[in-house]
file target_21.cif (mmCIF, C-alpha atoms)
data_structure
loop_
_atom_site.group_PDB
_atom_site.id
_atom_site.type_symbol
_atom_site.label_atom_id
_atom_site.label_comp_id
_atom_site.auth_asym_id
_atom_site.auth_seq_id
_atom_site.Cartn_x
_atom_site.Cartn_y
_atom_site.Cartn_z
ATOM 1 C CA MET H 24 79.986 84.919 148.432
ATOM 2 C CA ASN H 25 80.672 82.295 145.796
ATOM 3 C CA PRO H 26 83.120 79.404 146.422
ATOM 4 C CA VAL H 27 85.926 80.401 144.032
ATOM 5 C CA GLU H 28 85.849 84.015 145.226
ATOM 6 C CA ALA H 29 85.987 82.807 148.850
ATOM 7 C CA ARG H 30 88.986 80.532 148.129
ATOM 8 C CA ILE H 31 90.820 83.389 146.415
ATOM 9 C CA LEU H 32 90.198 85.679 149.391
ATOM 10 C CA ASP H 33 91.301 83.017 151.891
ATOM 11 C CA LYS H 34 94.484 82.185 149.993
ATOM 12 C CA LEU H 35 95.485 85.818 149.472
ATOM 13 C CA HIS H 36 94.821 86.660 153.144
ATOM 14 C CA ALA H 37 96.967 83.714 154.248
ATOM 15 C CA GLY H 38 99.707 84.271 151.689
ATOM 16 C CA PHE H 39 100.166 88.032 151.835
ATOM 17 C CA LYS H 40 98.680 89.352 155.116
ATOM 18 C CA PRO H 41 97.247 92.311 153.168
ATOM 19 C CA VAL H 42 96.336 95.626 154.740
ATOM 20 C CA HIS H 43 93.744 95.973 151.961
ATOM 21 C CA LEU H 44 92.268 93.250 149.764
ATOM 22 C CA GLU H 45 89.454 93.289 147.232
ATOM 23 C CA VAL H 46 88.410 90.413 145.005
ATOM 24 C CA ILE H 47 85.778 91.423 142.465
ATOM 25 C CA ASN H 48 84.080 88.865 140.261
ATOM 26 C CA GLU H 49 83.916 90.479 136.825
ATOM 27 C CA SER H 50 82.738 87.376 134.995
ATOM 28 C CA TYR H 51 79.405 89.030 134.193
ATOM 29 C CA MET H 52 81.329 91.393 131.880
ATOM 30 C CA HIS H 53 82.405 88.488 129.663
ATOM 31 C CA SER H 54 80.825 85.865 127.425
ATOM 32 C CA VAL H 55 80.319 83.245 130.105
ATOM 33 C CA PRO H 56 77.208 81.650 131.613
ATOM 34 C CA PRO H 57 75.446 83.529 134.423
ATOM 35 C CA GLY H 58 76.943 82.789 137.841
ATOM 36 C CA SER H 59 80.400 82.018 136.439
ATOM 37 C CA GLU H 60 83.559 82.606 138.434
ATOM 38 C CA THR H 61 86.128 82.937 135.671
ATOM 39 C CA HIS H 62 87.281 86.578 135.591
ATOM 40 C CA PHE H 63 88.396 88.513 138.672
ATOM 41 C CA LYS H 64 89.861 91.885 139.517
ATOM 42 C CA VAL H 65 92.177 91.609 142.519
ATOM 43 C CA ILE H 66 93.522 94.553 144.515
ATOM 44 C CA VAL H 67 96.171 93.562 147.061
ATOM 45 C CA VAL H 68 98.049 95.942 149.358
ATOM 46 C CA SER H 69 100.794 94.161 151.259
ATOM 47 C CA ALA H 70 104.124 94.872 152.900
ATOM 48 C CA ASP H 71 105.337 91.767 151.044
ATOM 49 C CA PHE H 72 105.439 93.895 147.891
ATOM 50 C CA VAL H 73 107.918 96.468 149.209
ATOM 51 C CA GLY H 74 110.983 96.478 146.952
ATOM 52 C CA LYS H 75 109.460 94.095 144.407
ATOM 53 C CA ARG H 76 108.735 94.890 140.770
ATOM 54 C CA GLN H 77 105.195 94.443 139.444
ATOM 55 C CA VAL H 78 106.159 91.269 137.590
ATOM 56 C CA GLN H 79 107.488 89.716 140.816
ATOM 57 C CA ARG H 80 104.314 90.676 142.670
ATOM 58 C CA HIS H 81 102.135 89.171 139.954
ATOM 59 C CA GLN H 82 104.201 85.985 139.831
ATOM 60 C CA SER H 83 103.752 85.519 143.580
ATOM 61 C CA ILE H 84 99.968 85.888 143.254
ATOM 62 C CA TYR H 85 99.860 83.479 140.303
ATOM 63 C CA ALA H 86 101.802 80.950 142.388
ATOM 64 C CA CYS H 87 99.425 81.417 145.325
ATOM 65 C CA LEU H 88 96.373 80.914 143.090
ATOM 66 C CA SER H 89 97.818 78.235 140.803
ATOM 67 C CA ASP H 90 95.067 75.704 141.595
ATOM 68 C CA GLU H 91 92.331 78.206 140.750
ATOM 69 C CA LEU H 92 94.058 79.123 137.494
ATOM 70 C CA LYS H 93 94.232 75.435 136.559
ATOM 71 C CA THR H 94 90.599 74.753 137.409
ATOM 72 C CA GLY H 95 88.434 77.448 135.902
ATOM 73 C CA VAL H 96 89.731 80.943 136.627
ATOM 74 C CA HIS H 97 90.469 82.329 133.191
ATOM 75 C CA ALA H 98 91.673 85.847 133.985
ATOM 76 C CA LEU H 99 93.033 87.891 136.869
ATOM 77 C CA ALA H 100 93.334 91.662 136.592
ATOM 78 C CA LEU H 101 95.982 92.268 139.249
ATOM 79 C CA HIS H 102 96.557 95.589 140.983
ATOM 80 C CA THR H 103 99.309 95.244 143.575
ATOM 81 C CA PHE H 104 100.590 97.926 145.910
ATOM 82 C CA SER H 105 102.900 98.337 148.859
ATOM 83 C CA PRO H 106 101.202 100.167 151.758
ATOM 84 C CA GLU H 107 103.099 103.351 150.863
ATOM 85 C CA GLU H 108 102.040 103.176 147.208
ATOM 86 C CA TRP H 109 98.424 102.602 148.215
ATOM 87 C CA GLN H 110 98.484 105.470 150.678
ATOM 88 C CA SER H 111 99.793 107.889 148.074
ATOM 89 C CA SER H 112 97.485 106.695 145.304
ATOM 90 C CA GLY H 113 94.660 104.502 146.557
ATOM 91 C CA GLN H 114 93.411 104.180 142.998
ATOM 92 C CA PHE H 115 93.209 101.450 140.434
ATOM 93 C CA PRO H 116 91.886 101.563 136.877
ATOM 94 C CA ALA H 117 88.381 100.542 135.917
ATOM 95 C CA SER H 118 88.183 97.339 133.957
ATOM 96 C CA PRO H 119 87.417 97.675 130.264
ATOM 97 C CA GLN H 120 84.426 95.995 128.701
ATOM 98 C CA CYS H 121 85.144 92.623 127.163
ATOM 99 C CA LEU H 122 85.816 92.933 123.431
ATOM 100 C CA GLY H 123 86.210 89.231 122.800
ATOM 101 C CA GLY H 124 83.599 86.925 121.477
ATOM 102 C CA SER H 125 82.434 83.598 122.699
ATOM 103 C CA LYS H 126 82.897 80.250 121.044
ATOM 104 C CA HIS H 127 79.092 80.231 120.990
ATOM 105 C CA ASP H 128 79.162 83.313 118.705
ATOM 106 C CA ARG H 129 81.111 81.558 115.928
#
call {"tool": "encode", "arguments": {"input": "target_21.cif", "output": "structure tokens"}}
result
Amino acid sequence: MNPVEARILDKLHAGFKPVHLEVINESYMHSVPPGSETHFKVIVVSADFVGKRQVQRHQSIYACLSDELKTGVHALALHTFSPEEWQSSGQFPASPQCLGGSKHDR
């Protein structure tokens, strides 16, 4: 596991006590150098999300990962669920292919 991915996992485990957590490095799908850790899909299932709107859930994750967002993580695709929501659905959308270019393409 790469260092940024490991820090994200550690922080989310500590901050949310998730019943399910996945952190997927999707940097390879974007115009970044090989081995980058800039784009992640994050699936978090936590009782902390019960009664909270999606925007509140996302804000709490952004706060938890603020250092990573300041130091190289460019994008987080967040999929947040309460345990009940996860149990009834258990699904999250596939990430789309990157449509953006790179500054190297200009």
call {"tool": "closest_atom_pairs", "arguments": {"input": "target_21.cif", "of": "stretch 65-92 of chain H", "to": "stretch 39-53 of chain H", "cutoff": "9 Å", "atoms": "all atoms listed in the file", "output": "Markdown table"}}
result
| residue | atom | partner | partner_atom | distance |
| --- | --- | --- | --- | --- |
| H:Val65 | CA | H:Val46 | CA | 4.7 |
| H:Ile66 | CA | H:Glu45 | CA | 5.1 |
| H:Val67 | CA | H:Leu44 | CA | 4.8 |
| H:Val68 | CA | H:His43 | CA | 5.0 |
| H:Ser69 | CA | H:Pro41 | CA | 4.4 |
| H:Ala70 | CA | H:Pro41 | CA | 7.3 |
| H:Asp71 | CA | H:Phe39 | CA | 6.4 |
| H:Phe72 | CA | H:Phe39 | CA | 8.8 |
| H:Ile84 | CA | H:Phe39 | CA | 8.8 |
call {"tool": "closest_residue", "arguments": {"input": "target_21.cif", "among": "H:Gln77, H:Gln82, H:Ser59, H:Gln110", "to": "H:Gly95", "atoms": "all atoms listed in the file"}}
result
H:Ser59
call {"tool": "closest_residue", "arguments": {"input": "target_21.cif", "among": "H:Glu107, H:Met24, H:Ala29, H:Lys34", "to": "H:Ala86", "atoms": "all atoms listed in the file"}}
result
H:Lys34
call {"tool": "atom_distance", "arguments": {"input": "target_21.cif", "atom1": "atom CA of H:Leu101", "atom2": "atom CA of H:Lys64"}}
result
6.1 Å
call {"tool": "atom_distance", "arguments": {"input": "target_21.cif", "atom1": "atom CA of H:Asn25", "atom2": "atom CA of H:Gly113"}}
result
26.3 Å
call {"tool": "atom_distance", "arguments": {"input": "target_21.cif", "atom1": "atom CA of H:Leu88", "atom2": "atom CA of H:Ala100"}}
result
12.9 Å
call {"tool": "closest_residue", "arguments": {"input": "target_21.cif", "among": "H:Glu108, H:Gly58, H:Ala117, H:Cys87", "to": "H:His36", "atoms": "only C-alpha atoms"}}
result
H:Cys87
call {"tool": "resolve_selection", "arguments": {"input": "target_21.cif", "expression": "the PyMOL selection byres ((chain H and resi 97) around 6)", "output": "PyMOL selection string"}}
result
chain H and resi 61-62+95-96+98
call {"tool": "axis_aligned_box", "arguments": {"input": "target_21.cif", "around": "stretch 40-46 of chain H", "padding_each_side": "4 Å", "output": "JSON"}}
result
{"center_x": 93.5, "center_y": 92.7, "center_z": 150.1, "size_x": 18.3, "size_y": 14.6, "size_z": 18.1}
call {"tool": "decode", "arguments": {"input": "target_21.cif", "residues": "stretch 74-105 of chain H", "atoms": "N, CA and C atoms", "output": "tab-separated table (two decimals), in the first residue's frame"}}
result
chain	number	residue	atom	x	y	z
H	74	GLY	N	-28.66	10.22	10.03
H	74	GLY	CA	-29.32	11.51	10.23
H	74	GLY	C	-28.60	12.69	9.61
H	75	LYS	N	-27.50	12.46	8.91
H	75	LYS	CA	-26.77	13.56	8.28
H	75	LYS	C	-27.00	13.54	6.78
H	76	ARG	N	-27.10	14.74	6.20
H	76	ARG	CA	-27.21	14.88	4.75
H	76	ARG	C	-25.87	14.58	4.10
H	77	GLN	N	-25.89	14.27	2.81
H	77	GLN	CA	-24.65	13.96	2.09
H	77	GLN	C	-23.62	15.08	2.23
H	78	VAL	N	-24.06	16.32	2.13
H	78	VAL	CA	-23.11	17.43	2.20
H	78	VAL	C	-22.43	17.46	3.57
H	79	GLN	N	-23.14	17.16	4.64
H	79	GLN	CA	-22.55	17.13	5.97
H	79	GLN	C	-21.54	15.98	6.08
H	80	ARG	N	-21.88	14.85	5.51
H	80	ARG	CA	-20.98	13.70	5.53
H	80	ARG	C	-19.68	14.04	4.79
H	81	HIS	N	-19.83	14.64	3.61
H	81	HIS	CA	-18.66	14.98	2.81
H	81	HIS	C	-17.80	16.02	3.52
H	82	GLN	N	-18.44	17.01	4.12
H	82	GLN	CA	-17.69	18.03	4.85
H	82	GLN	C	-16.87	17.42	5.98
H	83	SER	N	-17.43	16.43	6.66
H	83	SER	CA	-16.70	15.80	7.76
H	83	SER	C	-15.49	15.01	7.24
H	84	ILE	N	-15.62	14.40	6.08
H	84	ILE	CA	-14.48	13.68	5.49
H	84	ILE	C	-13.43	14.66	5.01
H	85	TYR	N	-13.86	15.76	4.37
H	85	TYR	CA	-12.90	16.77	3.93
H	85	TYR	C	-12.13	17.33	5.13
H	86	ALA	N	-12.80	17.55	6.23
H	86	ALA	CA	-12.12	18.05	7.44
H	86	ALA	C	-11.11	17.03	7.95
H	87	CYS	N	-11.50	15.77	7.96
H	87	CYS	CA	-10.62	14.70	8.42
H	87	CYS	C	-9.37	14.58	7.55
H	88	LEU	N	-9.52	14.81	6.26
H	88	LEU	CA	-8.42	14.63	5.30
H	88	LEU	C	-7.86	15.96	4.81
H	89	SER	N	-8.02	17.02	5.59
H	89	SER	CA	-7.61	18.35	5.14
H	89	SER	C	-6.12	18.42	4.81
H	90	ASP	N	-5.27	17.76	5.58
H	90	ASP	CA	-3.83	17.79	5.28
H	90	ASP	C	-3.53	17.15	3.93
H	91	GLU	N	-4.17	16.02	3.65
H	91	GLU	CA	-3.94	15.34	2.38
H	91	GLU	C	-4.43	16.19	1.20
H	92	LEU	N	-5.54	16.88	1.39
H	92	LEU	CA	-6.07	17.73	0.33
H	92	LEU	C	-5.19	18.95	0.09
H	93	LYS	N	-4.45	19.37	1.10
H	93	LYS	CA	-3.54	20.50	0.95
H	93	LYS	C	-2.20	20.09	0.36
H	94	THR	N	-1.89	18.80	0.42
H	94	THR	CA	-0.54	18.36	0.06
H	94	THR	C	-0.51	17.29	-1.03
H	95	GLY	N	-1.39	17.39	-2.01
H	95	GLY	CA	-1.24	16.51	-3.15
H	95	GLY	C	-2.46	15.74	-3.60
H	96	VAL	N	-3.40	15.48	-2.70
H	96	VAL	CA	-4.62	14.79	-3.15
H	96	VAL	C	-5.47	15.82	-3.88
H	97	HIS	N	-5.74	15.53	-5.12
H	97	HIS	CA	-6.46	16.47	-5.99
H	97	HIS	C	-7.96	16.23	-5.99
H	98	ALA	N	-8.37	14.95	-5.86
H	98	ALA	CA	-9.79	14.64	-5.98
H	98	ALA	C	-10.17	13.46	-5.11
H	99	LEU	N	-11.33	13.59	-4.49
H	99	LEU	CA	-11.95	12.50	-3.73
H	99	LEU	C	-13.34	12.26	-4.28
H	100	ALA	N	-13.60	11.06	-4.73
H	100	ALA	CA	-14.96	10.67	-5.11
H	100	ALA	C	-15.54	9.99	-3.87
H	101	LEU	N	-16.42	10.68	-3.17
H	101	LEU	CA	-16.93	10.20	-1.89
H	101	LEU	C	-18.28	9.51	-2.04
H	102	HIS	N	-18.37	8.34	-1.44
H	102	HIS	CA	-19.61	7.57	-1.38
H	102	HIS	C	-19.81	7.20	0.09
H	103	THR	N	-20.76	7.89	0.72
H	103	THR	CA	-20.95	7.74	2.17
H	103	THR	C	-22.32	7.16	2.46
H	104	PHE	N	-22.34	6.23	3.40
H	104	PHE	CA	-23.57	5.52	3.73
H	104	PHE	C	-23.67	5.30	5.23
H	105	SER	N	-24.89	5.32	5.74
H	105	SER	CA	-25.14	4.80	7.08
H	105	SER	C	-25.17	3.27	6.93
